[in-house]
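Undergrad: Once you've had a glance at the structure underneath, I'll fire off some questions.
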Amino acid sequence: MEKRSELYAGKAKSVYYTDDPDYLILQFRNDTSAFDGEKVEQLERKGMVNNKFNAFIMQTLEQAGIPTHFERLLGDDESLVKHMEMIPVECVVRNVAAGSLVRRLGVEDGMSLNPPTFEFFLKNDALHDPMINESHILTFGWASEEEIAQMKQLTLRVNEVLKRLFDEAGMLLVDYKLEFGRFHGQVILGDEFSPDGCRLWDKQTRDKLDKDRFRQGLGGVVEAYEEVARRLGVVLD
Ligand code: UDP
């Protein structure tokens, strides 16, 4: 697969065309950002760790019957993915209260959420990713009723698979954000699943093993990501 010109550069990943219009190359960079791009740093090895971690999770989800855009690893920081048309909404599931939910609703940080909550956010940095509901998605044409149902169903199925996977490796999947797209008429999982877009706590100590270490300036960010990968048996190098 030949790498062509850049299609798009996001905050942590760049996307390139290939010689096949159905496929793109995702490059995971070391750039790490928080607070809508206000805090940005380069963290050595993060691109490689997230690329390999994402590959492992996407393959695990595919094996569980969840369609994803992931095709294969191409190198340390690059993967081949299907060229989808992105749906501009973020789907967030929470098993434990943290982050914006605690700030918004004043509930206790760390309380367990049963059943888990499901929220939609609009993918729009300039507007700080506002929370939206299904009627907004329909009225503004971001997705159809059927696509909304598919995104919800797939996001909750991902929860069943990953909650168990992390639990068996001694971790609590607190919350996570997924993005979907359309590929030849089908809704499939896109973007990435890595400690940049979820919260993971050690089950015993409740130590944070995710991007909150960066947001809160706790240090040891990539070391924590590598620890998560090690516990899951992801081969890094
Ligand atoms: N999240 C993300 N990108 C965003 C917003 C949220 O990956 O633009 C993830 C975040 O890492 C967490 C979950 O979605 O795992 C829920 O985030 P929350 O709404 O609590 O927002 P935050 O506290 O991160 O601002």
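In the structure tokens, each chain is lettered A, B, ... as it comes, each chain's residues begin at 1, and ligands are numbered from 1 in order of appearance.
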I'd like the neighbourhood of A:Leu122 as a VMD selection string, where a residue qualifies if any of its atoms comes within 8 Å (using only C-alpha atoms), though same-chain residues fewer than 5 positions away should be ignored.

TA: chain A and resid 88 to 90 129 to 132

Undergrad: Could you pull out all residues of stretch 12-221 of chain A with a DSSP call of strand (DSSP E) and give them as a VMD selection string?

TA: chain A and resid 13 to 18 23 to 28 31 to 34 39 to 42 70 to 75 78 to 82 85 to 96 112 to 122 131 to 132 171 to 183 186 to 189 198 to 202

Undergrad: May I ask which of the residues A:Glu62, A:Asp210, A:Glu168, A:Glu160 is the closest one to ligand 1, counting only C-alpha atoms and all ligand atoms?

TA: A:Asp210

Undergrad: Let me make sure I understand: among A:Phe121, A:Tyr16, A:Tyr225, A:Phe180, which one has the smallest atom-to-atom distance to ligand 1 if we use only C-alpha atoms and all ligand atoms?

TA: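 Using only C-alpha atoms and all ligand atoms, the shortest distance to ligand 1 belongs to A:Phe121.
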
Undergrad: Between A:Glu108, A:Glu146, A:Glu71, A:Asp196, which has the minimum distance to A:Asn30 (counting only C-alpha atoms)?

TA: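 Nearest candidate to A:Asn30 out of A:Glu108, A:Glu146, A:Glu71, A:Asp196: A:Asp196.
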
Undergrad: Can you tell me which residues come within 9 Å of ligand 1 when counting only C-alpha atoms and all ligand atoms, ideally as an mmCIF file with N, CA and C atoms, in the first residue's frame?

TA:
data_model
loop_
_atom_site.group_PDB
_atom_site.id
_atom_site.type_symbol
_atom_site.label_atom_id
_atom_site.label_comp_id
_atom_site.auth_asym_id
_atom_site.auth_seq_id
_atom_site.Cartn_x
_atom_site.Cartn_y
_atom_site.Cartn_z
ATOM 1 N N ALA A 34 -4.702 18.197 25.638
ATOM 2 C CA ALA A 34 -5.851 18.163 26.562
ATOM 3 C C ALA A 34 -6.473 19.544 26.593
ATOM 4 N N PHE A 35 -7.660 19.619 27.145
ATOM 5 C CA PHE A 35 -8.395 20.880 27.277
ATOM 6 C C PHE A 35 -8.538 21.556 25.914
ATOM 7 N N ASP A 36 -9.090 20.814 24.944
ATOM 8 C CA ASP A 36 -9.327 21.312 23.580
ATOM 9 C C ASP A 36 -8.068 21.902 22.953
ATOM 10 N N GLU A 90 -19.503 12.002 19.172
ATOM 11 C CA GLU A 90 -18.721 11.146 20.055
ATOM 12 C C GLU A 90 -19.699 10.411 20.957
ATOM 13 N N CYS A 91 -19.473 9.110 21.121
ATOM 14 C CA CYS A 91 -20.339 8.296 21.980
ATOM 15 C C CYS A 91 -19.556 7.968 23.252
ATOM 16 N N VAL A 92 -20.087 8.357 24.394
ATOM 17 C CA VAL A 92 -19.380 8.132 25.667
ATOM 18 C C VAL A 92 -20.207 7.222 26.573
ATOM 19 N N VAL A 93 -19.570 6.154 27.048
ATOM 20 C CA VAL A 93 -20.186 5.261 28.035
ATOM 21 C C VAL A 93 -19.392 5.363 29.322
ATOM 22 N N ARG A 94 -20.112 5.372 30.440
ATOM 23 C CA ARG A 94 -19.450 5.473 31.755
ATOM 24 C C ARG A 94 -19.918 4.357 32.670
ATOM 25 N N ALA A 97 -18.397 7.135 37.756
ATOM 26 C CA ALA A 97 -18.479 8.592 37.575
ATOM 27 C C ALA A 97 -17.104 9.246 37.675
ATOM 28 N N ALA A 98 -16.775 10.088 36.695
ATOM 29 C CA ALA A 98 -15.507 10.831 36.687
ATOM 30 C C ALA A 98 -15.658 11.992 35.712
ATOM 31 N N GLY A 99 -14.672 12.877 35.703
ATOM 32 C CA GLY A 99 -14.576 13.912 34.678
ATOM 33 C C GLY A 99 -15.795 14.801 34.579
ATOM 34 N N SER A 100 -16.244 15.033 33.323
ATOM 35 C CA SER A 100 -17.289 16.037 33.088
ATOM 36 C C SER A 100 -18.629 15.653 33.723
ATOM 37 N N LEU A 101 -18.879 14.359 33.910
ATOM 38 C CA LEU A 101 -20.154 13.941 34.528
ATOM 39 C C LEU A 101 -20.228 14.451 35.969
ATOM 40 N N VAL A 102 -19.110 14.347 36.662
ATOM 41 C CA VAL A 102 -19.045 14.790 38.058
ATOM 42 C C VAL A 102 -19.205 16.308 38.130
ATOM 43 N N ARG A 103 -18.528 16.999 37.190
ATOM 44 C CA ARG A 103 -18.630 18.474 37.180
ATOM 45 C C ARG A 103 -20.051 18.919 36.834
ATOM 46 N N GLU A 119 -23.853 8.835 26.530
ATOM 47 C CA GLU A 119 -24.023 10.243 26.141
ATOM 48 C C GLU A 119 -23.468 10.487 24.744
ATOM 49 N N PHE A 121 -21.835 13.530 22.291
ATOM 50 C CA PHE A 121 -21.244 14.874 22.235
ATOM 51 C C PHE A 121 -20.998 15.204 20.775
ATOM 52 N N LYS A 123 -18.712 16.537 17.883
ATOM 53 C CA LYS A 123 -17.267 16.662 17.679
ATOM 54 C C LYS A 123 -16.985 18.039 17.088
ATOM 55 N N ASN A 124 -16.685 18.985 17.967
ATOM 56 C CA ASN A 124 -16.436 20.346 17.509
ATOM 57 C C ASN A 124 -15.615 21.102 18.561
ATOM 58 N N ASP A 125 -14.294 21.153 18.322
ATOM 59 C CA ASP A 125 -13.375 21.777 19.288
ATOM 60 C C ASP A 125 -13.733 23.227 19.571
ATOM 61 N N HIS A 128 -16.161 23.392 22.033
ATOM 62 C CA HIS A 128 -15.788 22.567 23.190
ATOM 63 C C HIS A 128 -16.654 21.314 23.298
ATOM 64 N N ASP A 129 -16.878 20.639 22.165
ATOM 65 C CA ASP A 129 -17.601 19.361 22.142
ATOM 66 C C ASP A 129 -18.849 19.359 23.029
ATOM 67 N N MET A 131 -22.469 18.646 24.734
ATOM 68 C CA MET A 131 -23.316 17.460 24.835
ATOM 69 C C MET A 131 -24.562 17.670 23.977
ATOM 70 N N LEU A 173 -12.500 -0.286 33.723
ATOM 71 C CA LEU A 173 -12.788 0.604 32.590
ATOM 72 C C LEU A 173 -13.822 1.619 33.077
ATOM 73 N N VAL A 174 -13.358 2.804 33.428
ATOM 74 C CA VAL A 174 -14.204 3.833 34.032
ATOM 75 C C VAL A 174 -15.142 4.439 32.995
ATOM 76 N N ASP A 175 -14.585 4.917 31.891
ATOM 77 C CA ASP A 175 -15.390 5.482 30.794
ATOM 78 C C ASP A 175 -14.556 5.492 29.524
ATOM 79 N N TYR A 176 -15.217 5.761 28.394
ATOM 80 C CA TYR A 176 -14.486 5.816 27.124
ATOM 81 C C TYR A 176 -15.323 6.531 26.089
ATOM 82 N N LYS A 177 -14.629 6.980 25.051
ATOM 83 C CA LYS A 177 -15.279 7.706 23.953
ATOM 84 C C LYS A 177 -15.020 6.951 22.652
ATOM 85 N N LEU A 178 -16.089 6.745 21.876
ATOM 86 C CA LEU A 178 -15.936 6.093 20.568
ATOM 87 C C LEU A 178 -16.451 7.007 19.466
ATOM 88 N N PHE A 193 -8.980 3.338 19.937
ATOM 89 C CA PHE A 193 -9.236 3.057 21.350
ATOM 90 C C PHE A 193 -7.877 2.936 22.009
ATOM 91 N N SER A 194 -7.561 3.901 22.868
ATOM 92 C CA SER A 194 -6.269 3.892 23.568
ATOM 93 C C SER A 194 -6.466 4.623 24.894
ATOM 94 N N PRO A 195 -5.457 4.606 25.772
ATOM 95 C CA PRO A 195 -5.605 5.325 27.045
ATOM 96 C C PRO A 195 -5.745 6.842 26.877
ATOM 97 N N ASP A 196 -5.617 7.342 25.632
ATOM 98 C CA ASP A 196 -5.882 8.756 25.362
ATOM 99 C C ASP A 196 -7.382 9.068 25.390
ATOM 100 N N GLY A 197 -8.220 8.067 25.143
ATOM 101 C CA GLY A 197 -9.650 8.329 24.989
ATOM 102 C C GLY A 197 -10.523 7.538 25.936
ATOM 103 N N CYS A 198 -9.898 7.023 27.009
ATOM 104 C CA CYS A 198 -10.705 6.307 28.011
ATOM 105 C C CYS A 198 -10.100 6.560 29.378
ATOM 106 N N ARG A 199 -10.806 6.162 30.415
ATOM 107 C CA ARG A 199 -10.227 6.194 31.765
ATOM 108 C C ARG A 199 -10.090 4.759 32.256
ATOM 109 N N LEU A 200 -8.909 4.456 32.751
ATOM 110 C CA LEU A 200 -8.604 3.122 33.272
ATOM 111 C C LEU A 200 -7.961 3.284 34.636
ATOM 112 N N ASP A 210 -4.293 6.367 32.591
ATOM 113 C CA ASP A 210 -4.823 6.920 31.340
ATOM 114 C C ASP A 210 -4.429 8.387 31.195
ATOM 115 N N LYS A 211 -5.089 9.087 30.257
ATOM 116 C CA LYS A 211 -4.690 10.472 29.955
ATOM 117 C C LYS A 211 -4.955 11.446 31.092
ATOM 118 N N ASP A 212 -5.712 11.067 32.100
ATOM 119 C CA ASP A 212 -5.858 11.948 33.271
ATOM 120 C C ASP A 212 -4.488 12.224 33.905
ATOM 121 N N ARG A 215 -3.561 15.212 31.893
ATOM 122 C CA ARG A 215 -4.444 16.346 32.212
ATOM 123 C C ARG A 215 -4.097 16.926 33.580
#

Undergrad: Counting only C-alpha atoms, which residue out of A:Glu179, A:Asp109, A:Glu134, A:Asp20 sits closest to A:Ile87?

TA: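 Among the listed residues, A:Glu179 lies closest to A:Ile87.
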
Undergrad: Select, from A:Lys46, A:Leu7, A:Leu113, A:Pro21, the residue with the minimum atom-to-atom distance to A:Gly220, counting only C-alpha atoms.

TA: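 Under the stated criterion, the closest residue is A:Lys46.
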
Undergrad: Would you list, as a PyMOL selection string, the residues of stretch 41-205 of chain A that end up in helix (DSSP H, G or I) under DSSP run on this structure's backbone?

TA: chain A and resi 46-63+99-105+125-127+134-139+145-168

Undergrad: Which of these, A:Phe70, A:Arg157, A:Arg182, A:Met84, has the shortest distance to A:Tyr17 once you count only C-alpha atoms?

TA: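 Distance minimum relative to A:Tyr17 lands on A:Met84.
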
Undergrad: Got a sec: who's within 12 Å of A:Gly233, counting only C-alpha atoms, leaving out chain neighbours fewer than 6 positions off, as number ranges by chain?

TA: A: 52-53, 56-57, 165-166, 168-169, 226-227

Undergrad: Tell me, as an mmCIF file with all heavy atoms, in the first residue's frame, which residues lie within 10 Å of A:Lys11, counting only C-alpha atoms; anything in the same chain fewer than 2 positions away does not count.

TA:
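Done, and the output landed in part_31.cif:
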data_model
loop_
_atom_site.group_PDB
_atom_site.id
_atom_site.type_symbol
_atom_site.label_atom_id
_atom_site.label_comp_id
_atom_site.auth_asym_id
_atom_site.auth_seq_id
_atom_site.Cartn_x
_atom_site.Cartn_y
_atom_site.Cartn_z
ATOM 1 N N ALA A 9 -4.727 16.436 9.551
ATOM 2 C CA ALA A 9 -3.881 16.262 10.741
ATOM 3 C C ALA A 9 -4.689 16.662 11.953
ATOM 4 O O ALA A 9 -5.117 17.813 12.082
ATOM 5 C CB ALA A 9 -2.620 17.105 10.635
ATOM 6 N N LYS A 13 -3.180 12.429 15.785
ATOM 7 C CA LYS A 13 -2.989 11.516 14.660
ATOM 8 C C LYS A 13 -3.022 12.297 13.343
ATOM 9 O O LYS A 13 -3.697 13.320 13.254
ATOM 10 C CB LYS A 13 -4.112 10.453 14.620
ATOM 11 C CG LYS A 13 -4.163 9.548 15.827
ATOM 12 C CD LYS A 13 -5.115 8.377 15.625
ATOM 13 C CE LYS A 13 -6.581 8.708 15.521
ATOM 14 N NZ LYS A 13 -7.180 9.319 16.708
ATOM 15 N N SER A 14 -2.307 11.757 12.342
ATOM 16 C CA SER A 14 -2.403 12.299 10.990
ATOM 17 C C SER A 14 -2.947 11.206 10.100
ATOM 18 O O SER A 14 -2.724 10.016 10.357
ATOM 19 C CB SER A 14 -1.032 12.734 10.481
ATOM 20 O OG SER A 14 -0.522 13.756 11.313
ATOM 21 N N PHE A 28 0.003 7.590 14.266
ATOM 22 C CA PHE A 28 -0.142 7.986 15.674
ATOM 23 C C PHE A 28 1.099 8.781 16.064
ATOM 24 O O PHE A 28 2.201 8.244 16.076
ATOM 25 C CB PHE A 28 -0.274 6.748 16.570
ATOM 26 C CG PHE A 28 -1.584 6.015 16.408
ATOM 27 C CD1 PHE A 28 -1.845 5.244 15.280
ATOM 28 C CD2 PHE A 28 -2.557 6.081 17.392
ATOM 29 C CE1 PHE A 28 -3.044 4.565 15.130
ATOM 30 C CE2 PHE A 28 -3.767 5.400 17.265
ATOM 31 C CZ PHE A 28 -4.003 4.646 16.126
ATOM 32 N N ARG A 29 0.898 10.072 16.372
ATOM 33 C CA ARG A 29 2.050 10.919 16.707
ATOM 34 C C ARG A 29 2.283 10.945 18.231
ATOM 35 O O ARG A 29 1.442 10.487 19.003
ATOM 36 C CB ARG A 29 1.824 12.341 16.177
ATOM 37 C CG ARG A 29 1.507 12.392 14.661
ATOM 38 C CD ARG A 29 1.668 13.809 14.120
ATOM 39 N NE ARG A 29 1.043 14.798 14.982
ATOM 40 C CZ ARG A 29 -0.222 15.222 14.854
ATOM 41 N NH1 ARG A 29 -0.982 14.777 13.878
ATOM 42 N NH2 ARG A 29 -0.701 16.110 15.695
ATOM 43 N N ASN A 30 3.433 11.493 18.617
ATOM 44 C CA ASN A 30 3.727 11.607 20.052
ATOM 45 C C ASN A 30 3.010 12.792 20.693
ATOM 46 O O ASN A 30 2.997 12.920 21.917
ATOM 47 C CB ASN A 30 5.239 11.740 20.278
ATOM 48 C CG ASN A 30 5.965 10.426 20.013
ATOM 49 O OD1 ASN A 30 5.354 9.361 20.051
ATOM 50 N ND2 ASN A 30 7.252 10.501 19.733
ATOM 51 N N ASP A 31 2.415 13.660 19.877
ATOM 52 C CA ASP A 31 1.702 14.829 20.405
ATOM 53 C C ASP A 31 0.586 14.374 21.343
ATOM 54 O O ASP A 31 -0.170 13.461 21.020
ATOM 55 C CB ASP A 31 1.060 15.633 19.273
ATOM 56 C CG ASP A 31 2.091 16.160 18.310
ATOM 57 O OD1 ASP A 31 2.758 17.132 18.647
ATOM 58 O OD2 ASP A 31 2.231 15.559 17.224
ATOM 59 N N THR A 32 0.496 15.050 22.458
ATOM 60 C CA THR A 32 -0.548 14.732 23.440
ATOM 61 C C THR A 32 -1.215 16.045 23.800
ATOM 62 O O THR A 32 -0.531 17.012 24.132
ATOM 63 C CB THR A 32 0.102 14.109 24.698
ATOM 64 O OG1 THR A 32 1.003 13.085 24.252
ATOM 65 C CG2 THR A 32 -0.936 13.501 25.611
ATOM 66 N N SER A 33 -2.543 16.070 23.699
ATOM 67 C CA SER A 33 -3.214 17.338 23.974
ATOM 68 C C SER A 33 -4.373 17.128 24.938
ATOM 69 O O SER A 33 -4.928 16.034 25.047
ATOM 70 C CB SER A 33 -3.709 17.971 22.670
ATOM 71 O OG SER A 33 -4.907 17.356 22.276
ATOM 72 N N ALA A 34 -4.702 18.197 25.638
ATOM 73 C CA ALA A 34 -5.851 18.163 26.562
ATOM 74 C C ALA A 34 -6.473 19.544 26.593
ATOM 75 O O ALA A 34 -5.864 20.515 26.123
ATOM 76 C CB ALA A 34 -5.397 17.744 27.957
ATOM 77 N N ASP A 36 -9.090 20.814 24.944
ATOM 78 C CA ASP A 36 -9.327 21.312 23.580
ATOM 79 C C ASP A 36 -8.068 21.902 22.953
ATOM 80 O O ASP A 36 -8.115 22.940 22.288
ATOM 81 C CB ASP A 36 -10.455 22.357 23.564
ATOM 82 C CG ASP A 36 -11.790 21.768 23.986
ATOM 83 O OD1 ASP A 36 -12.056 20.608 23.620
ATOM 84 O OD2 ASP A 36 -12.546 22.462 24.688
ATOM 85 N N GLY A 37 -6.942 21.254 23.187
ATOM 86 C CA GLY A 37 -5.704 21.673 22.536
ATOM 87 C C GLY A 37 -4.956 22.790 23.255
ATOM 88 O O GLY A 37 -3.949 23.286 22.767
ATOM 89 N N VAL A 40 -0.455 21.077 25.203
ATOM 90 C CA VAL A 40 0.090 20.146 24.210
ATOM 91 C C VAL A 40 1.537 19.825 24.569
ATOM 92 O O VAL A 40 2.302 20.725 24.894
ATOM 93 C CB VAL A 40 0.056 20.761 22.784
ATOM 94 C CG1 VAL A 40 0.558 19.759 21.759
ATOM 95 C CG2 VAL A 40 -1.345 21.224 22.418
#

Undergrad: Just give me the gap between atom CA of A:Arg206 and atom CA of A:Gly170 in Å, one decimal is fine.

TA: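 Rounded to one decimal, the two atoms are 10.3 Å apart.
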
Undergrad: Would you work out the distance separating atom CA of A:Arg231 from atom CA of A:Met171, expressed in Å to one decimal?

TA: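 Atom CA of A:Met171 lies at a distance of 9.0 Å from atom CA of A:Arg231.
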